[in-house]
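One file, protein37.csv, carrying CSV, C-alpha atoms and all ligand atoms:
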chain,number,residue,atom,x,y,z
A,1,MET,CA,130.4,101.2,107.9
A,2,SER,CA,128.5,98.4,109.7
A,3,LEU,CA,125.6,99.2,112.0
A,4,ASN,CA,127.9,98.3,114.9
A,5,ALA,CA,130.6,100.8,114.0
A,6,PRO,CA,131.2,103.7,116.4
A,7,ALA,CA,129.1,106.8,115.7
A,8,PRO,CA,130.9,109.2,113.3
A,9,ASP,CA,132.1,112.5,114.8
A,10,LEU,CA,129.4,114.8,113.4
A,11,PRO,CA,129.5,118.6,113.6
A,12,PRO,CA,126.8,120.3,115.8
A,13,LEU,CA,123.6,121.1,113.8
A,14,ARG,CA,124.0,124.9,114.6
A,15,GLU,CA,127.4,124.8,112.8
A,16,ILE,CA,125.8,123.0,109.8
A,17,ILE,CA,123.0,125.7,109.7
A,18,GLN,CA,125.6,128.5,109.8
A,19,ARG,CA,128.1,126.9,107.3
A,20,PHE,CA,125.4,126.1,104.7
A,21,ASP,CA,123.4,129.3,105.4
A,22,LEU,CA,120.2,127.5,106.2
A,23,GLY,CA,118.2,130.4,107.6
A,24,ALA,CA,114.7,129.0,108.1
A,25,ARG,CA,112.1,129.8,105.3
A,26,LYS,CA,108.6,130.1,106.6
A,27,ALA,CA,107.0,129.2,103.2
A,28,LEU,CA,108.7,125.8,103.5
A,29,GLY,CA,107.4,125.3,107.0
A,30,GLN,CA,111.0,125.2,108.3
A,31,ASN,CA,111.2,124.9,112.1
A,32,PHE,CA,114.4,122.9,112.8
A,33,LEU,CA,114.7,120.5,115.7
A,34,LEU,CA,118.3,120.6,117.0
A,35,ASP,CA,118.1,118.7,120.2
A,36,LEU,CA,119.5,115.2,119.5
A,37,ASN,CA,117.8,113.8,122.6
A,38,LEU,CA,114.4,114.7,121.1
A,39,THR,CA,115.2,113.6,117.6
A,40,ARG,CA,116.5,110.2,118.9
A,41,ARG,CA,113.3,109.9,121.0
A,42,ILE,CA,111.3,110.3,117.8
A,43,ALA,CA,113.5,107.6,116.1
A,44,ARG,CA,113.0,105.3,119.0
A,45,GLU,CA,109.2,105.8,118.9
A,46,ALA,CA,109.3,104.5,115.3
A,47,ALA,CA,111.5,101.5,116.2
A,48,PRO,CA,112.5,98.9,115.1
A,49,LEU,CA,114.4,100.5,112.2
A,50,GLU,CA,116.9,97.8,111.3
A,51,ASP,CA,114.9,95.7,108.9
A,52,THR,CA,112.9,98.3,107.1
A,53,ASN,CA,113.4,101.0,104.6
A,54,VAL,CA,113.0,104.4,106.4
A,55,ILE,CA,111.6,107.3,104.4
A,56,GLU,CA,112.1,110.7,105.9
A,57,ILE,CA,110.2,113.8,104.5
A,58,GLY,CA,111.9,117.2,104.8
A,59,PRO,CA,115.2,116.3,106.5
A,60,GLY,CA,116.3,120.0,106.5
A,61,PRO,CA,119.7,120.3,108.1
A,62,GLY,CA,119.5,116.6,109.1
A,63,GLY,CA,118.8,116.5,112.8
A,64,LEU,CA,116.2,113.7,112.7
A,65,THR,CA,118.1,112.1,109.8
A,66,ARG,CA,121.2,111.6,111.9
A,67,ALA,CA,119.1,110.4,114.8
A,68,LEU,CA,117.5,107.7,112.6
A,69,LEU,CA,120.9,106.6,111.4
A,70,LEU,CA,122.4,106.6,114.9
A,71,GLU,CA,119.4,104.6,116.2
A,72,GLY,CA,120.2,101.9,113.7
A,73,ALA,CA,118.1,102.6,110.6
A,74,HIS,CA,119.4,100.2,107.9
A,75,HIS,CA,118.7,102.7,105.2
A,76,VAL,CA,117.1,106.2,105.0
A,77,THR,CA,115.7,107.8,101.9
A,78,ALA,CA,115.2,111.5,102.5
A,79,ILE,CA,113.0,113.7,100.3
A,80,GLU,CA,113.7,117.4,100.6
A,81,ARG,CA,112.4,120.3,98.5
A,82,ASP,CA,115.0,122.9,99.7
A,83,THR,CA,118.1,122.6,97.5
A,84,ARG,CA,120.1,124.5,100.1
A,85,CYS,CA,119.8,121.6,102.5
A,86,LEU,CA,121.0,119.0,100.1
A,87,ALA,CA,124.7,120.0,100.3
A,88,ALA,CA,124.6,119.8,104.1
A,89,LEU,CA,122.9,116.4,103.8
A,90,ALA,CA,125.5,115.2,101.3
A,91,GLU,CA,128.1,115.4,104.2
A,92,LEU,CA,125.9,113.3,106.4
A,93,ALA,CA,125.5,110.7,103.6
A,94,GLN,CA,129.3,110.5,103.5
A,95,ALA,CA,129.5,109.9,107.2
A,96,PHE,CA,127.1,107.0,106.9
A,97,PRO,CA,128.2,105.3,103.6
A,98,GLY,CA,125.5,103.5,101.7
A,99,ARG,CA,122.8,104.2,104.3
A,100,LEU,CA,121.4,107.6,103.2
A,101,THR,CA,119.9,108.4,99.8
A,102,LEU,CA,118.8,112.0,99.1
A,103,VAL,CA,115.9,112.7,96.8
A,104,GLU,CA,115.3,116.3,95.7
A,105,GLY,CA,111.7,117.1,95.2
A,106,ASP,CA,108.2,117.9,96.5
A,107,ALA,CA,106.8,115.2,98.7
A,108,LEU,CA,103.3,116.0,97.5
A,109,GLU,CA,104.3,115.0,94.0
A,110,ILE,CA,106.3,111.8,94.9
A,111,ASP,CA,105.0,108.4,95.8
A,112,PRO,CA,107.5,107.4,98.5
A,113,ALA,CA,106.7,103.7,97.9
A,114,SER,CA,108.0,104.0,94.4
A,115,LEU,CA,111.5,104.9,95.7
A,116,VAL,CA,112.2,101.8,97.8
A,117,PRO,CA,111.0,98.3,98.2
A,118,GLY,CA,109.0,97.3,101.3
A,119,PRO,CA,108.9,96.9,104.2
A,120,ARG,CA,108.8,100.7,104.7
A,121,LYS,CA,108.2,103.3,107.4
A,122,ILE,CA,107.7,107.0,107.0
A,123,ILE,CA,109.2,109.1,109.8
A,124,ALA,CA,109.1,112.9,109.6
A,125,ASN,CA,109.0,116.2,111.4
A,126,LEU,CA,106.5,117.5,108.8
A,127,PRO,CA,106.2,121.0,107.4
A,128,TYR,CA,102.9,122.2,109.0
A,129,ASN,CA,101.6,123.8,105.9
A,130,VAL,CA,101.4,120.5,104.0
A,131,ALA,CA,101.2,118.0,106.9
A,132,THR,CA,97.5,117.1,106.5
A,133,PRO,CA,97.5,116.7,102.6
A,134,LEU,CA,100.6,114.5,102.9
A,135,LEU,CA,99.0,112.3,105.6
A,136,LEU,CA,95.8,111.9,103.5
A,137,LYS,CA,97.9,111.0,100.5
A,138,TRP,CA,99.8,108.2,102.4
A,139,LEU,CA,96.6,107.0,104.1
A,140,GLY,CA,95.2,106.4,100.6
A,141,LYS,CA,97.9,103.8,100.1
A,142,ILE,CA,98.5,102.8,103.7
A,143,ALA,CA,99.1,99.1,102.9
A,144,ASP,CA,102.5,100.3,101.5
A,145,TYR,CA,103.8,101.1,105.0
A,146,GLU,CA,104.5,99.3,108.3
A,147,SER,CA,104.0,102.5,110.2
A,148,LEU,CA,104.0,106.3,110.0
A,149,THR,CA,105.6,108.3,112.8
A,150,LEU,CA,104.9,112.0,112.2
A,151,MET,CA,105.0,115.3,114.0
A,152,PHE,CA,102.0,117.6,113.8
A,153,GLN,CA,100.8,120.7,115.5
A,154,LYS,CA,99.2,119.4,118.8
A,155,GLU,CA,95.7,120.6,117.6
A,156,VAL,CA,95.9,118.5,114.5
A,157,ALA,CA,97.2,115.5,116.5
A,158,GLN,CA,94.2,115.8,118.8
A,159,ARG,CA,91.9,115.7,115.8
A,160,LEU,CA,93.6,112.6,114.5
A,161,ALA,CA,93.3,110.7,117.8
A,162,ALA,CA,89.8,112.1,118.9
A,163,LYS,CA,87.0,109.7,119.9
A,164,PRO,CA,83.2,110.2,119.5
A,165,ARG,CA,81.9,113.1,121.6
A,166,ASP,CA,85.3,114.8,121.8
A,167,SER,CA,85.1,118.3,120.5
A,168,ALA,CA,88.1,117.5,118.1
A,169,TYR,CA,86.3,114.4,116.6
A,170,GLY,CA,85.7,114.8,112.9
A,171,ARG,CA,86.5,113.8,109.4
A,172,LEU,CA,90.3,113.5,110.1
A,173,SER,CA,89.7,111.3,113.2
A,174,ILE,CA,87.5,108.9,111.3
A,175,ILE,CA,89.6,108.4,108.1
A,176,ALA,CA,92.8,108.0,110.2
A,177,GLN,CA,91.3,105.6,112.8
A,178,TRP,CA,89.3,103.7,110.2
A,179,LEU,CA,92.6,102.6,108.6
A,180,CYS,CA,95.1,102.8,111.5
A,181,GLU,CA,95.6,102.6,115.2
A,182,VAL,CA,96.5,106.2,116.1
A,183,LYS,CA,98.7,106.9,119.1
A,184,MET,CA,99.7,110.4,120.4
A,185,ALA,CA,103.2,109.6,121.6
A,186,PHE,CA,104.6,112.7,123.2
A,187,ASP,CA,104.6,116.5,123.0
A,188,ILE,CA,107.5,118.8,122.0
A,189,PRO,CA,107.5,122.4,123.3
A,190,PRO,CA,108.0,125.3,120.9
A,191,GLN,CA,111.3,126.3,122.4
A,192,ALA,CA,112.9,123.0,121.2
A,193,PHE,CA,112.8,124.4,117.6
A,194,VAL,CA,114.7,127.0,115.7
A,195,PRO,CA,112.8,129.3,115.0
A,196,ALA,CA,110.3,128.5,117.7
A,197,PRO,CA,106.7,128.0,116.3
A,198,LYS,CA,103.7,129.5,118.2
A,199,VAL,CA,102.3,126.1,119.0
A,200,ILE,CA,103.1,122.8,120.8
A,201,SER,CA,103.9,119.9,118.5
A,202,THR,CA,103.0,116.2,119.0
A,203,VAL,CA,104.5,113.1,117.7
A,204,VAL,CA,101.9,110.7,116.4
A,205,ARG,CA,102.4,107.0,115.5
A,206,PHE,CA,100.0,105.4,112.9
A,207,THR,CA,100.0,101.6,112.8
A,208,PRO,CA,97.9,100.3,109.8
A,209,ARG,CA,95.2,97.8,110.8
A,210,THR,CA,95.2,94.5,109.0
A,211,ALA,CA,91.8,95.5,107.7
A,212,PRO,CA,89.8,98.8,108.1
A,213,ILE,CA,87.5,98.9,111.2
A,214,ALA,CA,84.4,98.1,109.0
A,215,PRO,CA,84.0,97.6,105.3
A,216,CYS,CA,83.0,100.5,103.0
A,217,ARG,CA,84.6,102.4,100.1
A,218,GLN,CA,86.9,105.2,101.2
A,219,GLU,CA,85.3,107.8,98.9
A,220,ASP,CA,81.8,106.9,100.3
A,221,LEU,CA,83.1,107.3,103.9
A,222,GLU,CA,84.6,110.7,102.9
A,223,ARG,CA,81.4,111.8,101.3
A,224,THR,CA,79.4,110.7,104.3
A,225,THR,CA,81.6,112.4,106.9
A,226,ALA,CA,81.8,115.5,104.8
A,227,ALA,CA,78.0,115.8,104.8
A,228,ALA,CA,77.6,115.0,108.5
A,229,PHE,CA,80.4,117.2,109.8
A,230,GLY,CA,79.7,120.0,107.2
A,231,GLN,CA,76.7,120.8,109.5
A,232,ARG,CA,78.0,119.3,112.8
A,233,ARG,CA,75.5,120.9,115.0
A,234,LYS,CA,72.5,119.7,113.0
A,235,MET,CA,70.8,116.3,113.5
A,236,LEU,CA,71.8,113.6,111.0
A,237,ARG,CA,68.3,113.6,109.4
A,238,GLN,CA,69.1,117.2,108.4
A,239,SER,CA,72.8,117.1,107.7
A,240,LEU,CA,72.7,114.0,105.5
A,241,LYS,CA,70.1,115.5,103.1
A,242,SER,CA,73.0,116.9,101.0
A,243,LEU,CA,73.8,113.3,100.0
A,244,GLY,CA,70.5,113.1,98.1
A,245,GLY,CA,68.0,110.2,98.0
A,246,ASP,CA,65.7,109.2,100.8
A,247,THR,CA,67.6,110.4,103.9
A,248,ALA,CA,65.1,108.9,106.4
A,249,ALA,CA,65.3,105.4,104.8
A,250,LEU,CA,69.1,105.6,104.6
A,251,ILE,CA,69.4,106.4,108.3
A,252,ALA,CA,66.8,103.7,109.3
A,253,GLU,CA,68.5,101.0,107.2
A,254,ALA,CA,71.9,101.9,108.8
A,255,GLY,CA,70.3,101.5,112.2
A,256,VAL,CA,71.4,105.0,113.3
A,257,ASP,CA,69.4,107.5,115.5
A,258,PRO,CA,68.1,110.2,113.1
A,259,THR,CA,68.3,112.8,115.9
A,260,ALA,CA,72.0,112.1,116.7
A,261,ARG,CA,74.6,114.6,115.7
A,262,ALA,CA,77.8,113.7,113.7
A,263,GLU,CA,80.1,113.8,116.7
A,264,GLU,CA,78.1,111.1,118.5
A,265,LEU,CA,78.5,108.4,115.8
A,266,SER,CA,81.2,105.7,115.9
A,267,ILE,CA,83.3,104.9,112.9
A,268,GLU,CA,81.4,101.6,112.4
A,269,GLN,CA,78.1,103.6,112.2
A,270,PHE,CA,79.7,106.0,109.6
A,271,CYS,CA,80.7,102.9,107.6
A,272,ALA,CA,77.2,101.5,107.8
A,273,LEU,CA,75.9,104.8,106.4
A,274,ALA,CA,78.7,104.9,103.8
A,275,ARG,CA,77.7,101.5,102.5
A,276,LEU,CA,74.2,102.7,101.8
A,277,ILE,CA,74.5,106.2,100.4
A,278,PRO,CA,73.2,106.9,97.0
A,279,HIS,CA,75.5,107.1,94.0
A,280,SER,CA,74.7,109.2,90.9
A,281,ALA,CA,74.1,107.2,87.8
A,301,LIG,N1,113.5,117.3,109.7
A,301,LIG,C1,114.1,118.6,110.0
A,301,LIG,C2,114.1,118.8,111.5
A,301,LIG,O1,113.4,118.0,112.2
A,301,LIG,O2,114.8,119.7,112.0
A,301,LIG,C3,113.3,119.8,109.3
A,301,LIG,C4,111.8,119.8,109.7
A,301,LIG,S1,111.0,121.2,109.0
A,301,LIG,C5,109.6,121.3,110.1
A,301,LIG,C6,110.2,120.7,107.5
A,301,LIG,C7,111.2,120.4,106.3
A,301,LIG,O3,110.4,120.0,105.2
A,301,LIG,C8,112.0,121.5,105.9
A,301,LIG,O4,113.4,121.1,105.7
A,301,LIG,C9,111.4,121.9,104.5
A,301,LIG,O5,112.4,122.4,103.6
A,301,LIG,C10,110.9,120.6,104.0
A,301,LIG,N2,109.7,120.7,103.1
A,301,LIG,C11,108.8,121.6,103.1
A,301,LIG,N3,107.8,121.3,102.1
A,301,LIG,C12,108.3,120.2,101.5
A,301,LIG,C13,107.8,119.4,100.5
A,301,LIG,N4,106.6,119.7,99.9
A,301,LIG,N5,108.5,118.3,100.1
A,301,LIG,C14,109.6,117.9,100.7
A,301,LIG,N6,110.1,118.6,101.7
A,301,LIG,C15,109.5,119.7,102.1
Please render this file's structure as structure tokens.
Amino acid sequence: MSLNAPAPDLPPLREIIQRFDLGARKALGQNFLLDLNLTRRIAREAAPLEDTNVIEIGPGPGGLTRALLLEGAHHVTAIERDTRCLAALAELAQAFPGRLTLVEGDALEIDPASLVPGPRKIIANLPYNVATPLLLKWLGKIADYESLTLMFQKEVAQRLAAKPRDSAYGRLSIIAQWLCEVKMAFDIPPQAFVPAPKVISTVVRFTPRTAPIAPCRQEDLERTTAAAFGQRRKMLRQSLKSLGGDTAALIAEAGVDPTARAEELSIEQFCALARLIPHSA
């Protein structure tokens, strides 16, 4: 079928869930999004989809998957851990011949970039229990992707997009924004899901920067922010002592106020500290 062919007549998602007995499993973070208006809105947020290899994590019964295909994704590779969903998804693959590849497995164990050539985009309604570890894994190889469009609990989305002096500003804000422009796109209310989670969800789009905001090694930035935010109410001259070495000299050389607290520092200032922290021999 060409991209211009009429949309195939697909059964409603509720029927798919019933027919394939896809009762939601909490351990797999399963909250299914059945409203095609919302799934198509997520797909449009990630647009354009025509000239890129789309990778979806956790397609479940396939609501977002069909939205991606209907919104013109040239090809979708979907990684799913729950074998029950794969039979349901096989029908969807038949309805869109040659445009959907299913991969059974744990996304934490798979490097998505090894599955398809670039350019690539990851688009997913992530299982909340593994959303942050998955994001950190992809950020570690962010040059492999054109963008990531992902749904998180709103509280996590706020941490990802927070600016200095926001109460949500922390390690996650710094590592994400050091590498990417982070945009909180829109919220999705709990009642849009089956079953309804307790919290509001937010779709976040990450667009990799051509270069990180300021130079430093990622592991040094992570060590620095871990020390600073590990004691976020303390002044830096105290909280950075856990890094070892001469803390006062480190802070002076980085040009940072020793009485400032972690939440007041910009990402550039954290990078300046990270470039100077001591390394064990
Ligand atoms: N995309 C579907 C939707 O929007 O309705 C389902 C989203 S649901 C929040 C998360 C999905 O991720 C589930 O289908 C679940 O089985 C799958 N999943 C959970 N852990 C996974 C993992 N480690 N690797 C791959 N898929 C996983």
Tell me, as number ranges by chain, which residues lie within 8 Å of Leu273 (chain A), counting only C-alpha atoms; anything in the same chain fewer than 3 positions away does not count. A: 224, 250-251, 254, 269-270, 276-277
Considering all atoms listed in the file, return as a list of chain:residue names whatever protein or nucleic-acid residues lie within 10 Å of Asn37 (chain A), sequence-local ones (same chain, fewer than 5 positions apart) excluded. A:Ile42, A:Ala43, A:Ala67
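Among the candidate residues A:Thr52, A:Thr83, A:His74, A:Arg19, the one lying nearest to ligand LIG 301 (chain A) is A:Thr83, with distances computed using only C-alpha atoms and all ligand atoms.
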Please identify all protein, DNA and RNA residues within 8 Å of ligand LIG 301 (chain A), counting only C-alpha atoms and all ligand atoms, and report them as a VMD selection string. chain A and resid 25 27 to 34 39 56 to 65 79 to 82 85 104 to 109 124 to 130 193
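Nearest residue to Ala226 (chain A), choosing from A:Arg165, A:Lys241, A:His75, A:Arg120 and counting all atoms listed in the file: A:Lys241.
Across the structure, CA of Pro112 (chain A) and CA of Thr132 (chain A) are spaced 16.1 Å apart.
Relative to CA of Gly230 (chain A), CA of Ile267 (chain A) is found at 16.5 Å.
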Determine, counting only C-alpha atoms, which protein, DNA and RNA residues have an atom within 7 Å of an atom of region 147-163 of chain A; residues of the same chain fewer than 2 positions away are not included. Present the result as a PyMOL selection string. chain A and resi 46+121-126+128+131+145+165-166+168-170+172-173+176+182-184+199-208
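Between CA of Ala196 (chain A) and CA of Leu13 (chain A) the interatomic distance comes to 15.7 Å.
When all atoms listed in the file are used to compute distances to Arg66 (chain A), the closest of the residues A:Gly244, A:Ile16, A:Gly98, A:Leu10 turns out to be A:Leu10.
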Considering only C-alpha atoms, can you say which of A:Pro11, A:Gly140, A:Gly23, A:Pro117 comes closest to Glu222 (chain A)? A:Gly140
As number ranges by chain, please: the residues near Ile213 (chain A) (cut-off 12 Å, all atoms listed in the file, same-chain neighbours under 6 positions excluded). A: 174-181, 221, 266-272
Emit the selected residues as a PDB file, in the frame of the given file, including C-alpha atoms.
ATOM      1  CA  ILE A 174      87.500 108.900 111.300  1.00  0.00           C
ATOM      2  CA  ILE A 175      89.600 108.400 108.100  1.00  0.00           C
ATOM      3  CA  ALA A 176      92.800 108.000 110.200  1.00  0.00           C
ATOM      4  CA  GLN A 177      91.300 105.600 112.800  1.00  0.00           C
ATOM      5  CA  TRP A 178      89.300 103.700 110.200  1.00  0.00           C
ATOM      6  CA  LEU A 179      92.600 102.600 108.600  1.00  0.00           C
ATOM      7  CA  CYS A 180      95.100 102.800 111.500  1.00  0.00           C
ATOM      8  CA  GLU A 181      95.600 102.600 115.200  1.00  0.00           C
ATOM      9  CA  LEU A 221      83.100 107.300 103.900  1.00  0.00           C
ATOM     10  CA  SER A 266      81.200 105.700 115.900  1.00  0.00           C
ATOM     11  CA  ILE A 267      83.300 104.900 112.900  1.00  0.00           C
ATOM     12  CA  GLU A 268      81.400 101.600 112.400  1.00  0.00           C
ATOM     13  CA  GLN A 269      78.100 103.600 112.200  1.00  0.00           C
ATOM     14  CA  PHE A 270      79.700 106.000 109.600  1.00  0.00           C
ATOM     15  CA  CYS A 271      80.700 102.900 107.600  1.00  0.00           C
ATOM     16  CA  ALA A 272      77.200 101.500 107.800  1.00  0.00           C
TER      17      ALA A 272
END
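Among A:Glu15, A:Met235, A:Ser167, A:Glu146, the residue with the shortest atom-to-atom distance to Ala47 (chain A), counting only C-alpha atoms, is A:Glu146.
Nearest-residue note for Leu236 (chain A): choosing from A:Cys216, A:Leu102, A:Ala262, A:Ile188, the minimum distance belongs to A:Ala262, counting all atoms listed in the file.
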Counting all atoms listed in the file, which residues sit no farther than 12 Å from the position (68.8, 109.1, 115.4) in the file's frame? I'd like them as a PyMOL selection string. chain A and resi 234-240+247-262+264-265+269
Would you mind completing region 50-64 of chain A so that it carries N, CA, C and O atoms, and writing it out as a PDB file, in the coordinates of the input?
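Written file, out-v3.pdb:
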ATOM      1  N   GLU A  50     115.817  98.515 111.978  1.00  0.00           N
ATOM      2  CA  GLU A  50     116.900  97.800 111.300  1.00  0.00           C
ATOM      3  C   GLU A  50     116.475  97.064 110.043  1.00  0.00           C
ATOM      4  O   GLU A  50     117.223  97.031 109.086  1.00  0.00           O
ATOM      5  N   ASP A  51     115.266  96.513 110.032  1.00  0.00           N
ATOM      6  CA  ASP A  51     114.900  95.700 108.900  1.00  0.00           C
ATOM      7  C   ASP A  51     113.823  96.318 108.028  1.00  0.00           C
ATOM      8  O   ASP A  51     112.937  95.652 107.498  1.00  0.00           O
ATOM      9  N   THR A  52     113.903  97.622 107.895  1.00  0.00           N
ATOM     10  CA  THR A  52     112.900  98.300 107.100  1.00  0.00           C
ATOM     11  C   THR A  52     113.520  99.456 106.351  1.00  0.00           C
ATOM     12  O   THR A  52     114.623  99.905 106.706  1.00  0.00           O
ATOM     13  N   ASN A  53     112.894  99.868 105.292  1.00  0.00           N
ATOM     14  CA  ASN A  53     113.400 101.000 104.600  1.00  0.00           C
ATOM     15  C   ASN A  53     112.708 102.279 105.128  1.00  0.00           C
ATOM     16  O   ASN A  53     111.494 102.441 105.023  1.00  0.00           O
ATOM     17  N   VAL A  54     113.521 103.137 105.756  1.00  0.00           N
ATOM     18  CA  VAL A  54     113.000 104.400 106.400  1.00  0.00           C
ATOM     19  C   VAL A  54     112.924 105.446 105.315  1.00  0.00           C
ATOM     20  O   VAL A  54     113.870 105.653 104.550  1.00  0.00           O
ATOM     21  N   ILE A  55     111.768 106.146 105.274  1.00  0.00           N
ATOM     22  CA  ILE A  55     111.600 107.300 104.400  1.00  0.00           C
ATOM     23  C   ILE A  55     111.384 108.508 105.236  1.00  0.00           C
ATOM     24  O   ILE A  55     110.474 108.524 106.076  1.00  0.00           O
ATOM     25  N   GLU A  56     112.247 109.502 105.096  1.00  0.00           N
ATOM     26  CA  GLU A  56     112.100 110.700 105.900  1.00  0.00           C
ATOM     27  C   GLU A  56     111.651 111.849 104.894  1.00  0.00           C
ATOM     28  O   GLU A  56     112.219 111.995 103.807  1.00  0.00           O
ATOM     29  N   ILE A  57     110.640 112.629 105.310  1.00  0.00           N
ATOM     30  CA  ILE A  57     110.200 113.800 104.500  1.00  0.00           C
ATOM     31  C   ILE A  57     110.728 115.032 105.124  1.00  0.00           C
ATOM     32  O   ILE A  57     110.562 115.245 106.331  1.00  0.00           O
ATOM     33  N   GLY A  58     111.375 115.878 104.335  1.00  0.00           N
ATOM     34  CA  GLY A  58     111.900 117.200 104.800  1.00  0.00           C
ATOM     35  C   GLY A  58     112.944 117.051 105.886  1.00  0.00           C
ATOM     36  O   GLY A  58     112.774 117.466 107.020  1.00  0.00           O
ATOM     37  N   PRO A  59     114.115 116.487 105.513  1.00  0.00           N
ATOM     38  CA  PRO A  59     115.200 116.300 106.500  1.00  0.00           C
ATOM     39  C   PRO A  59     115.827 117.661 106.944  1.00  0.00           C
ATOM     40  O   PRO A  59     116.457 117.709 108.004  1.00  0.00           O
ATOM     41  N   GLY A  60     115.674 118.726 106.151  1.00  0.00           N
ATOM     42  CA  GLY A  60     116.300 120.000 106.500  1.00  0.00           C
ATOM     43  C   GLY A  60     117.757 119.885 106.761  1.00  0.00           C
ATOM     44  O   GLY A  60     118.462 119.274 105.953  1.00  0.00           O
ATOM     45  N   PRO A  61     118.293 120.400 107.879  1.00  0.00           N
ATOM     46  CA  PRO A  61     119.700 120.300 108.100  1.00  0.00           C
ATOM     47  C   PRO A  61     120.139 118.869 108.593  1.00  0.00           C
ATOM     48  O   PRO A  61     121.330 118.583 108.731  1.00  0.00           O
ATOM     49  N   GLY A  62     119.154 117.993 108.853  1.00  0.00           N
ATOM     50  CA  GLY A  62     119.500 116.600 109.100  1.00  0.00           C
ATOM     51  C   GLY A  62     119.467 116.126 110.543  1.00  0.00           C
ATOM     52  O   GLY A  62     120.025 115.073 110.858  1.00  0.00           O
ATOM     53  N   GLY A  63     118.826 116.869 111.425  1.00  0.00           N
ATOM     54  CA  GLY A  63     118.800 116.500 112.800  1.00  0.00           C
ATOM     55  C   GLY A  63     118.108 115.149 113.075  1.00  0.00           C
ATOM     56  O   GLY A  63     118.652 114.246 113.717  1.00  0.00           O
ATOM     57  N   LEU A  64     116.903 114.998 112.519  1.00  0.00           N
ATOM     58  CA  LEU A  64     116.200 113.700 112.700  1.00  0.00           C
ATOM     59  C   LEU A  64     116.881 112.635 111.855  1.00  0.00           C
ATOM     60  O   LEU A  64     116.972 111.482 112.273  1.00  0.00           O
TER      61      LEU A  64
END
